[in-house]
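Content type compact mmCIF, C-alpha atoms and all ligand atoms, from the file structure_5.txt:
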# COMPACT_ATOMS: atom_id res chain seq x y z
CA GLU H 1 31.71 -13.21 2.99
CA GLN H 2 33.78 -11.24 0.45
CA ALA H 3 33.14 -14.00 -2.10
CA GLY H 4 29.36 -13.56 -1.75
CA LYS H 5 29.67 -9.89 -2.68
CA GLY H 6 31.25 -10.68 -6.04
CA GLU H 7 32.51 -7.51 -7.69
CA TYR H 8 30.72 -5.24 -5.19
CA ASP H 9 32.14 -3.52 -2.09
CA HIS H 10 28.92 -4.12 -0.18
CA PHE H 11 25.98 -6.50 -0.22
CA MET H 12 23.68 -3.49 -0.29
CA LEU H 13 24.95 -2.32 -3.68
CA LYS H 14 24.87 -5.88 -4.98
CA GLU H 15 21.27 -6.24 -3.84
CA ILE H 16 20.22 -2.88 -5.30
CA THR H 17 21.75 -3.96 -8.59
CA GLU H 18 20.00 -7.33 -8.46
CA GLN H 19 16.55 -5.75 -8.63
CA PRO H 20 15.93 -6.38 -12.34
CA THR H 21 16.49 -10.09 -11.68
CA SER H 22 14.66 -10.28 -8.37
CA LEU H 23 11.61 -8.53 -9.83
CA ALA H 24 11.62 -10.76 -12.91
CA GLN H 25 11.69 -13.77 -10.55
CA ALA H 26 8.82 -12.37 -8.50
CA LEU H 27 6.69 -11.87 -11.61
CA GLU H 28 7.60 -15.15 -13.34
CA GLY H 29 4.41 -17.00 -14.26
CA ARG H 30 2.23 -14.62 -12.29
CA ILE H 31 0.92 -12.59 -15.22
CA ASP H 32 -0.97 -14.27 -18.03
CA SER H 33 0.39 -12.08 -20.84
CA ALA H 34 -1.63 -13.72 -23.60
CA ASN H 35 -4.90 -12.73 -21.93
CA GLY H 36 -3.80 -9.57 -20.10
CA ARG H 37 -4.81 -11.15 -16.80
CA ILE H 38 -3.29 -11.69 -13.38
CA ALA H 39 -2.47 -15.31 -12.98
CA LEU H 40 -1.27 -15.45 -9.36
CA ALA H 41 -1.82 -19.19 -9.56
CA ASP H 42 -0.74 -19.25 -5.92
CA PHE H 43 -4.47 -18.81 -5.25
CA GLU H 44 -7.55 -20.68 -6.51
CA PRO H 45 -9.96 -18.64 -8.65
CA GLY H 46 -12.33 -16.66 -6.43
CA THR H 47 -10.15 -16.97 -3.32
CA PHE H 48 -10.77 -13.34 -2.42
CA ALA H 49 -14.41 -13.08 -3.53
CA ASP H 50 -15.67 -12.52 0.03
CA VAL H 51 -13.03 -10.04 1.12
CA ASP H 52 -14.79 -6.93 2.30
CA SER H 53 -11.80 -5.10 3.71
CA VAL H 54 -8.07 -5.60 4.15
CA GLN H 55 -5.76 -4.71 7.02
CA PHE H 56 -2.01 -4.83 6.41
CA VAL H 57 0.34 -5.31 9.37
CA ALA H 58 4.11 -4.85 9.10
CA CYS H 59 7.17 -3.06 10.51
CA GLY H 60 10.01 -0.98 9.10
CA THR H 61 10.55 -1.15 5.38
CA SER H 62 7.86 -3.81 5.09
CA TYR H 63 5.40 -1.32 6.58
CA HIS H 64 6.23 1.08 3.75
CA ALA H 65 5.55 -1.68 1.21
CA ALA H 66 2.31 -2.44 3.07
CA LEU H 67 1.26 1.21 2.90
CA TYR H 68 1.99 1.12 -0.82
CA GLY H 69 -0.17 -2.00 -1.24
CA SER H 70 -2.94 -0.51 0.83
CA LEU H 71 -3.08 2.63 -1.31
CA VAL H 72 -3.20 0.55 -4.50
CA LEU H 73 -6.01 -1.53 -3.01
CA ASN H 74 -8.00 1.56 -2.05
CA GLN H 75 -7.57 2.92 -5.57
CA ALA H 76 -8.88 -0.41 -6.89
CA GLY H 77 -12.04 0.04 -4.80
CA ILE H 78 -11.36 -2.23 -1.80
CA ARG H 79 -11.36 -0.73 1.69
CA SER H 80 -7.94 -1.19 3.19
CA THR H 81 -5.58 0.20 5.77
CA ALA H 82 -1.91 -0.33 6.67
CA LEU H 83 -1.06 -0.61 10.36
CA LEU H 84 2.21 -0.78 12.22
CA ALA H 85 2.32 -4.30 13.64
CA ASN H 86 3.78 -3.01 16.91
CA GLU H 87 0.70 -0.78 17.39
CA TYR H 88 -1.81 -3.47 16.50
CA SER H 89 -2.29 -4.76 20.05
CA VAL H 90 -3.46 -1.33 21.17
CA SER H 91 -5.08 0.08 18.05
CA ALA H 92 -6.39 -2.70 15.81
CA PRO H 93 -9.57 -1.76 13.96
CA PRO H 94 -12.43 -4.29 14.31
CA VAL H 95 -12.26 -7.42 12.13
CA ASP H 96 -14.87 -9.96 11.06
CA ASP H 97 -14.77 -13.05 8.90
CA ASP H 98 -14.79 -10.92 5.73
CA THR H 99 -11.66 -9.08 6.83
CA LEU H 100 -8.37 -10.24 5.34
CA VAL H 101 -5.31 -9.42 7.43
CA ILE H 102 -2.10 -9.44 5.40
CA ALA H 103 1.21 -9.66 7.26
CA VAL H 104 4.07 -8.28 5.18
CA SER H 105 7.47 -9.44 6.41
CA GLN H 106 10.67 -10.11 4.51
CA SER H 107 11.88 -12.61 7.10
CA GLY H 108 8.52 -13.86 8.32
CA GLU H 109 10.04 -13.83 11.82
CA THR H 110 9.51 -10.28 13.13
CA ALA H 111 8.01 -10.68 16.61
CA ASP H 112 5.72 -7.64 16.37
CA THR H 113 4.31 -8.85 13.05
CA LEU H 114 3.79 -12.40 14.33
CA ALA H 115 1.95 -11.01 17.38
CA ALA H 116 -0.38 -8.97 15.14
CA LEU H 117 -0.98 -11.99 12.91
CA ARG H 118 -1.89 -14.14 15.93
CA GLN H 119 -4.19 -11.45 17.28
CA ALA H 120 -5.99 -11.18 13.93
CA THR H 121 -6.39 -14.96 13.75
CA ALA H 122 -7.82 -15.06 17.27
CA ALA H 123 -10.26 -12.27 16.34
CA GLY H 124 -11.60 -14.37 13.46
CA ALA H 125 -9.99 -12.71 10.42
CA ASP H 126 -8.64 -14.61 7.43
CA THR H 127 -4.88 -14.19 7.22
CA LEU H 128 -2.23 -14.14 4.53
CA THR H 129 1.53 -13.64 4.76
CA VAL H 130 3.58 -11.96 2.05
CA THR H 131 7.18 -12.97 2.69
CA ASN H 132 10.52 -13.84 1.19
CA VAL H 133 11.13 -16.89 3.34
CA VAL H 134 9.42 -20.18 2.60
CA GLY H 135 8.94 -22.11 5.85
CA SER H 136 9.11 -18.95 8.01
CA THR H 137 6.89 -18.74 11.09
CA ALA H 138 4.57 -16.18 9.47
CA ALA H 139 4.22 -18.32 6.34
CA ARG H 140 3.37 -21.38 8.44
CA GLU H 141 0.95 -19.65 10.79
CA ALA H 142 -1.14 -17.65 8.30
CA ASP H 143 -3.99 -19.29 6.38
CA ASP H 144 -2.09 -18.68 3.16
CA ALA H 145 1.27 -17.36 1.95
CA LEU H 146 2.53 -15.47 -1.08
CA PHE H 147 6.27 -15.61 -1.71
CA ILE H 148 8.13 -12.67 -3.20
CA ARG H 149 11.08 -14.77 -4.44
CA ALA H 150 13.68 -12.00 -3.99
CA GLY H 151 16.47 -14.41 -3.07
CA PRO H 152 18.56 -13.98 0.11
CA GLU H 153 19.09 -10.42 1.29
CA ILE H 154 22.21 -9.98 3.45
CA GLY H 155 22.40 -6.18 3.87
CA VAL H 156 20.51 -5.14 6.99
CA ALA H 157 18.90 -2.27 5.07
CA ALA H 158 16.18 -3.86 2.93
CA THR H 159 16.37 -2.97 -0.76
CA LYS H 160 15.42 -5.65 -3.28
CA THR H 161 12.85 -7.14 -0.91
CA PHE H 162 11.03 -3.78 -0.71
CA SER H 163 10.62 -3.55 -4.49
CA SER H 164 9.51 -7.18 -4.72
CA GLN H 165 7.04 -6.72 -1.86
CA ALA H 166 5.56 -3.59 -3.44
CA VAL H 167 5.25 -5.21 -6.86
CA MET H 168 3.66 -8.37 -5.43
CA LEU H 169 1.24 -6.30 -3.37
CA THR H 170 0.30 -4.29 -6.46
CA LEU H 171 -0.48 -7.53 -8.26
CA LEU H 172 -2.30 -8.98 -5.26
CA ALA H 173 -4.38 -5.81 -4.90
CA GLN H 174 -5.59 -6.15 -8.48
CA ARG H 175 -6.34 -9.82 -7.94
CA ILE H 176 -8.34 -9.15 -4.75
CA ALA H 177 -10.28 -6.39 -6.53
CA ALA H 178 -10.97 -8.64 -9.53
CA ASP H 179 -12.20 -11.52 -7.32
CA ARG H 180 -14.33 -9.24 -5.20
CA LEU H 181 -15.69 -6.76 -7.74
CA GLY H 182 -15.91 -8.91 -10.87
CA ASP H 183 -14.73 -7.04 -13.95
CA PRO H 184 -11.07 -6.03 -13.96
CA PRO H 185 -10.44 -2.27 -14.18
CA ALA H 186 -10.09 -0.82 -17.70
CA ASP H 187 -6.44 0.07 -17.18
CA LEU H 188 -5.36 -3.35 -15.85
CA GLU H 189 -3.79 -4.46 -19.12
CA ALA H 190 -1.62 -1.35 -19.27
CA LEU H 191 -0.55 -1.87 -15.65
CA LEU H 192 0.40 -5.49 -16.29
CA ALA H 193 2.41 -4.53 -19.37
CA GLU H 194 4.22 -1.87 -17.33
CA LEU H 195 4.91 -4.40 -14.56
CA GLU H 196 6.51 -6.72 -17.07
CA ALA H 197 8.64 -3.84 -18.34
CA MET H 198 9.88 -2.93 -14.82
CA PRO H 199 13.02 -5.14 -14.76
CA GLY H 200 14.26 -3.57 -18.03
CA ARG H 201 13.43 -0.06 -16.82
CA ILE H 202 15.36 -0.57 -13.57
CA GLU H 203 18.29 -1.95 -15.55
CA ARG H 204 18.40 1.26 -17.59
CA LEU H 205 17.99 3.43 -14.51
CA LEU H 206 20.90 1.69 -12.78
CA ASP H 207 23.11 2.15 -15.84
CA GLU H 208 22.35 5.85 -16.15
CA SER H 209 21.93 6.93 -12.52
CA THR H 210 23.51 10.19 -11.40
CA ALA H 211 22.91 9.37 -7.72
CA ARG H 212 26.60 9.25 -6.86
CA GLY H 213 27.08 12.89 -7.93
CA ILE H 214 24.08 14.01 -5.87
CA ALA H 215 25.42 12.16 -2.81
CA ASP H 216 28.78 13.80 -3.39
CA ARG H 217 27.34 17.32 -3.56
CA TYR H 218 25.03 17.04 -0.54
CA SER H 219 26.49 14.53 1.90
CA ASP H 220 27.67 17.25 4.31
CA SER H 221 24.15 18.64 4.83
CA GLU H 222 22.37 18.93 8.18
CA SER H 223 19.16 17.01 7.45
CA TYR H 224 17.54 15.36 4.48
CA PHE H 225 13.85 15.57 3.63
CA PHE H 226 11.87 13.36 1.29
CA ILE H 227 8.42 14.33 0.04
CA GLY H 228 5.85 12.52 -2.07
CA ARG H 229 2.10 12.42 -2.64
CA GLY H 230 -0.17 9.41 -3.12
CA LEU H 231 2.03 6.43 -3.94
CA GLY H 232 5.00 8.75 -3.62
CA PHE H 233 4.33 9.09 0.12
CA PRO H 234 5.38 5.57 1.20
CA VAL H 235 8.39 6.00 -1.09
CA ALA H 236 9.29 9.25 0.70
CA LEU H 237 9.06 7.42 4.05
CA GLU H 238 11.20 4.58 2.74
CA GLY H 239 13.75 6.98 1.19
CA ALA H 240 14.21 8.68 4.56
CA LEU H 241 14.36 5.42 6.51
CA LYS H 242 17.04 4.02 4.20
CA PHE H 243 19.01 7.25 4.47
CA LYS H 244 18.99 7.37 8.27
CA GLU H 245 19.66 3.63 8.66
CA ILE H 246 22.92 3.64 6.78
CA THR H 247 24.25 7.22 6.86
CA TYR H 248 23.36 7.97 10.54
CA GLU H 249 22.27 11.41 9.33
CA HIS H 250 18.90 12.91 10.17
CA ALA H 251 16.32 12.24 7.48
CA GLU H 252 12.52 12.49 7.44
CA GLY H 253 9.83 11.61 4.94
CA PHE H 254 6.63 13.62 4.63
CA ALA H 255 3.50 13.70 2.55
CA SER H 256 4.23 16.64 0.20
CA GLY H 257 1.20 18.57 1.40
CA GLU H 258 2.27 18.27 5.04
CA LEU H 259 5.50 20.18 4.51
CA LYS H 260 3.71 23.49 5.06
CA HIS H 261 2.02 22.23 8.24
CA GLY H 262 5.16 22.16 10.38
CA PRO H 263 8.25 20.64 8.78
CA LEU H 264 8.82 23.82 6.75
CA ALA H 265 10.13 25.37 9.98
CA LEU H 266 13.15 23.06 9.68
CA VAL H 267 13.94 23.93 6.07
CA THR H 268 17.19 25.85 5.44
CA PRO H 269 19.89 25.85 2.73
CA GLU H 270 21.39 22.92 4.70
CA THR H 271 18.38 20.65 4.22
CA PRO H 272 18.13 19.14 0.73
CA VAL H 273 14.60 18.11 -0.24
CA PHE H 274 14.11 15.06 -2.45
CA ALA H 275 10.76 15.47 -4.22
CA ILE H 276 9.20 12.34 -5.71
CA PHE H 277 6.88 12.78 -8.69
CA THR H 278 4.62 9.86 -9.56
CA GLY H 279 2.11 11.54 -11.88
CA GLN H 280 -0.48 11.98 -9.11
CA GLU H 281 -1.10 15.73 -8.66
CA ASP H 282 2.51 16.50 -9.51
CA GLU H 283 1.75 20.20 -9.85
CA LYS H 284 0.89 20.34 -6.14
CA THR H 285 4.06 18.48 -5.15
CA LEU H 286 6.07 20.87 -7.29
CA LYS H 287 4.47 23.82 -5.50
CA ASN H 288 5.35 22.23 -2.13
CA ALA H 289 8.94 21.68 -3.26
CA GLU H 290 9.19 25.27 -4.46
CA GLU H 291 8.06 26.47 -1.03
CA ALA H 292 11.13 24.72 0.39
CA GLN H 293 13.33 26.07 -2.39
CA THR H 294 12.22 29.64 -1.62
CA ARG H 295 13.62 29.07 1.90
CA GLY H 296 16.96 28.15 0.36
CA ALA H 297 16.70 24.34 0.35
CA PRO H 298 18.18 22.60 -2.67
CA VAL H 299 15.46 20.57 -4.38
CA ILE H 300 16.27 17.27 -6.05
CA ALA H 301 13.43 16.24 -8.36
CA VAL H 302 12.98 12.51 -8.87
CA CYS H 303 10.96 12.32 -12.08
CA PRO H 304 11.17 11.49 -15.79
CA ASP H 305 13.17 13.61 -18.25
CA GLY H 306 11.07 16.42 -19.69
CA HIS H 307 8.91 16.71 -16.55
CA PRO H 308 8.13 20.33 -15.52
CA ALA H 309 9.94 19.73 -12.19
CA VAL H 310 13.28 19.21 -13.99
CA ASP H 311 13.70 22.90 -14.83
CA ALA H 312 12.26 24.15 -11.55
CA ALA H 313 14.51 21.98 -9.36
CA ASP H 314 18.21 22.36 -8.54
CA GLU H 315 19.02 18.75 -9.35
CA HIS H 316 17.39 15.87 -11.20
CA LEU H 317 17.37 12.13 -10.66
CA ALA H 318 15.80 10.64 -13.78
CA ILE H 319 13.32 7.78 -13.80
CA PRO H 320 11.90 6.11 -16.91
CA GLU H 321 8.30 7.00 -17.86
CA THR H 322 5.71 4.58 -16.50
CA VAL H 323 2.22 4.52 -14.97
CA PRO H 324 1.60 6.27 -11.59
CA ASP H 325 1.16 2.88 -9.86
CA LEU H 326 4.82 2.07 -10.49
CA ALA H 327 6.69 5.38 -10.84
CA GLY H 328 7.41 5.53 -7.10
CA LEU H 329 9.18 2.18 -7.24
CA LEU H 330 11.56 3.51 -9.87
CA ALA H 331 12.12 6.64 -7.78
CA ASN H 332 12.87 4.38 -4.81
CA VAL H 333 15.77 2.72 -6.65
CA GLN H 334 17.36 6.15 -7.25
CA LEU H 335 16.92 6.98 -3.56
CA GLN H 336 18.47 3.65 -2.51
CA LEU H 337 21.51 4.60 -4.58
CA VAL H 338 21.73 8.09 -3.06
CA SER H 339 21.66 6.59 0.46
CA TYR H 340 24.26 4.01 -0.48
CA TYR H 341 26.70 6.51 -1.99
CA ALA H 342 26.19 9.04 0.82
CA ALA H 343 26.90 6.34 3.43
CA ASP H 344 29.95 5.22 1.47
CA LEU H 345 31.32 8.79 1.34
CA LEU H 346 30.72 9.10 5.09
CA ASP H 347 32.55 5.82 5.57
CA ARG H 348 29.73 4.05 7.39
CA PRO H 349 29.59 0.25 7.82
CA ILE H 350 26.86 -0.03 5.22
CA ASP H 351 25.84 -3.68 5.46
CA LYS H 352 25.69 -3.75 9.26
CA PRO H 353 24.57 -0.40 10.64
CA ARG H 354 25.08 0.11 14.36
CA ASN H 355 22.24 -0.93 16.68
CA LEU H 356 20.16 -2.55 13.91
CA ALA H 357 19.35 -6.18 13.18
CA LYS H 358 18.14 -7.78 9.98
CA SER H 359 15.23 -9.34 11.80
CA VAL H 360 13.93 -8.28 15.23
CA THR H 361 12.58 -11.28 17.09
CA VAL H 362 11.58 -9.52 20.31
CA GLU H 363 8.52 -7.32 20.84
C1 LIG Z 401 14.24 -4.82 11.02
C2 LIG Z 401 15.10 -4.53 9.81
C3 LIG Z 401 14.31 -3.73 8.77
C4 LIG Z 401 13.01 -4.45 8.44
C5 LIG Z 401 12.18 -4.73 9.69
C6 LIG Z 401 11.01 -5.64 9.38
O1 LIG Z 401 14.01 -3.64 11.73
O2 LIG Z 401 16.27 -3.84 10.18
O3 LIG Z 401 15.08 -3.59 7.59
O4 LIG Z 401 12.27 -3.68 7.53
O5 LIG Z 401 12.97 -5.40 10.65
O6 LIG Z 401 11.49 -6.89 8.99
P1 LIG Z 401 10.65 -7.95 8.21
O7 LIG Z 401 11.53 -9.17 8.14
O8 LIG Z 401 9.42 -8.22 9.03
O9 LIG Z 401 10.31 -7.40 6.89
Can the structure from this file be put into structure tokens for me?
Amino acid sequence: EQAGKGEYDHFMLKEITEQPTSLAQALEGRIDSANGRIALADFEPGTFADVDSVQFVACGTSYHAALYGSLVLNQAGIRSTALLANEYSVSAPPVDDDTLVIAVSQSGETADTLAALRQATAAGADTLTVTNVVGSTAAREADDALFIRAGPEIGVAATKTFSSQAVMLTLLAQRIAADRLGDPPADLEALLAELEAMPGRIERLLDESTARGIADRYSDSESYFFIGRGLGFPVALEGALKFKEITYEHAEGFASGELKHGPLALVTPETPVFAIFTGQEDEKTLKNAEEAQTRGAPVIAVCPDGHPAVDAADEHLAIPETVPDLAGLLANVQLQLVSYYAADLLDRPIDKPRNLAKSVTVE
């Protein structure tokens, strides 16, 4: 096992560091740079022309990627919703033959997700699986499959598969919208160029990250809060999930605007707040973060250099400039590193957290 980790102490750090490569692999051949178009040759032209609405089903980290994809799809003009697969049997919205149900699952073997997929099929929906594992049950059972090509992920806490899922879902969302609505959106070319630049940006972020220092200064806190708006919201949820999975400390993610509707009661000088800025109504998120800061909470702004939040916050985790559709994914890499270093300082068994399994095959 040690050999597989190479120079790294843990698979998790290795896998975080692999993200430039895993994302490049995911994107390989899927963008037609010469024409500024989505290739996604995995699907015939017009495959999604009849899709009226999309339901995503997933669990855990994959649910956060699904929520990300669902928000991108809504922005692109296609009705969509992300549902927890384990709730689907009791709360599935109606489907018809113009509904596409997309199961998002790294392993393709999560029992809850397979059950939701089977239920959707029985109800008459078209189905698609977005997974890392070719030949997995979900890939075989759905009408179609899209592979994220992240390579094997050994650490129980998902890292590189989340970024590959989110990027593939961003691409898929644009492809569904283009098939369904005709003309691609005006800003598609810029988005595709930014997607292609992501591996390089993450490389730079990893080289320059100050996450270890932040973990060092705050790893004896009581609770950790993560806030974000729009596409920053699923990233806040994922930041908190990663943190609790591997540090065993209490962490919660909130929509920035929800902080004042309850969670603010928990805020003290012992509860650092990580605020994610994606370029979507950042001024409101900054105001929300400052409300926590007024109550004594240290605020860590995750945003580009030169952003107004840098001066207002107590600490800064820098992300390269990009478009709002992708900024949260850069922020997520910084948050993965903070969780990793905090867990390392607390001497937790990072790759195999207690009570958790890489893939849960019971409902
Ligand atoms: C388990 C893992 C999580 C993962 C979830 C869904 O709970 O510990 O890291 O996000 O299953 O797994 P999947 O393979 O469906 O993405």
* **Within 10 Å of Glu258 of chain H using all atoms listed in the file, minus same-chain residues under 5 positions, as a VMD selection string** => chain H and resid 227 to 229 263 to 264 288
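The closest residue to ligand LIG 401 (chain Z), picked from H:Glu238, H:Glu249, H:Asp216, H:Asp98 and counting only C-alpha atoms and all ligand atoms, is H:Glu238.
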* Nearest residue to ligand LIG 401 (chain Z) from the set H:Val156, H:Ala327, H:Leu84, H:Leu114 (distances using all atoms listed in the file) -> H:Val156
* To do: Pick out the residues no farther than 6 Å from ligand LIG 401 (chain Z), counting all atoms listed in the file, and list them as JSON, numbers by chain.
  => {"H": [59, 60, 61, 62, 105, 106, 107, 108, 110, 156, 157, 158, 356, 357, 358, 359, 360]}
* Which residue of H:Ile246, H:Val167, H:Ala34, H:Leu345 approaches Asp325 of chain H most closely, using all atoms listed in the file ->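 Closest residue, counting all atoms listed in the file: H:Val167.
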* Asked: Out of H:Ala111, H:Ala215, H:Ala138, H:Val95, which residue has the shortest atom-to-atom distance to Ala123 of chain H when counting all atoms listed in the file?
  ->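 For Ala123 of chain H, the nearest of the candidates is H:Val95.
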* Between atom CA of Thr278 of chain H and atom CA of His64 of chain H, measure the distance and give it in Å to one decimal. =>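 Distance between the two atoms: 16.0 Å.
Take atom CA of Tyr8 of chain H and atom CA of Ala65 of chain H: the distance between them is 26.2 Å.
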Point (12.8, 17.4, -7.3), cut-off 10 Å, counting only C-alpha atoms, residues as a compact mmCIF listing (two decimals) with C-alpha atoms, in the frame of the given file:
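And here is the file that came out, out.txt:
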# COMPACT_ATOMS: atom_id res chain seq x y z
CA PHE H 226 11.87 13.36 1.29
CA ILE H 227 8.42 14.33 0.04
CA GLY H 228 5.85 12.52 -2.07
CA PRO H 272 18.13 19.14 0.73
CA VAL H 273 14.60 18.11 -0.24
CA PHE H 274 14.11 15.06 -2.45
CA ALA H 275 10.76 15.47 -4.22
CA ILE H 276 9.20 12.34 -5.71
CA PHE H 277 6.88 12.78 -8.69
CA THR H 285 4.06 18.48 -5.15
CA LEU H 286 6.07 20.87 -7.29
CA ALA H 289 8.94 21.68 -3.26
CA GLU H 290 9.19 25.27 -4.46
CA GLN H 293 13.33 26.07 -2.39
CA PRO H 298 18.18 22.60 -2.67
CA VAL H 299 15.46 20.57 -4.38
CA ILE H 300 16.27 17.27 -6.05
CA ALA H 301 13.43 16.24 -8.36
CA VAL H 302 12.98 12.51 -8.87
CA CYS H 303 10.96 12.32 -12.08
CA PRO H 308 8.13 20.33 -15.52
CA ALA H 309 9.94 19.73 -12.19
CA VAL H 310 13.28 19.21 -13.99
CA ASP H 311 13.70 22.90 -14.83
CA ALA H 312 12.26 24.15 -11.55
CA ALA H 313 14.51 21.98 -9.36
CA ASP H 314 18.21 22.36 -8.54
CA GLU H 315 19.02 18.75 -9.35
CA HIS H 316 17.39 15.87 -11.20
CA LEU H 317 17.37 12.13 -10.66
CA ALA H 318 15.80 10.64 -13.78
* To do: Give as an MDAnalysis selection string each residue that has an atom at most 12 Å from (5.2, -10.6, -5.6) in the file, counting all atoms listed in the file.
  => chainID H and resid 22:31 38:42 65 69 104 106 129:132 145:150 160:173 175 195
* Quick one: distance from atom CA of Val51 of chain H to atom CA of Ala120 of chain H in Å, one decimal? ->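 Between these atoms lies a distance of 14.7 Å.
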* Asked: Using all atoms listed in the file, which residue out of H:Ala177, H:Leu259, H:Ala251, H:Leu205 lies closest to Thr271 of chain H?
  ->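 Closest candidate: H:Ala251.
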* May I have the residues within 12 Å of Ala342 of chain H as a PyMOL selection string, using only C-alpha atoms and disregarding those fewer than 6 positions away in the same chain? => chain H and resi 211-221+224+242-249+335-336+348-350
* To do: Point out the residue among H:Gly306, H:Gly257, H:Pro269, H:Gly6 with the least atom-to-atom distance to Lys287 of chain H, counting all atoms listed in the file.
  => H:Gly257
* To do: Name all residues at most 9 Å from Ile16 of chain H (count all atoms listed in the file; drop same-chain ones fewer than 3 positions away) and give them as number ranges by chain.
  => H: 11-13, 19-20, 159-160, 206, 333, 336-337
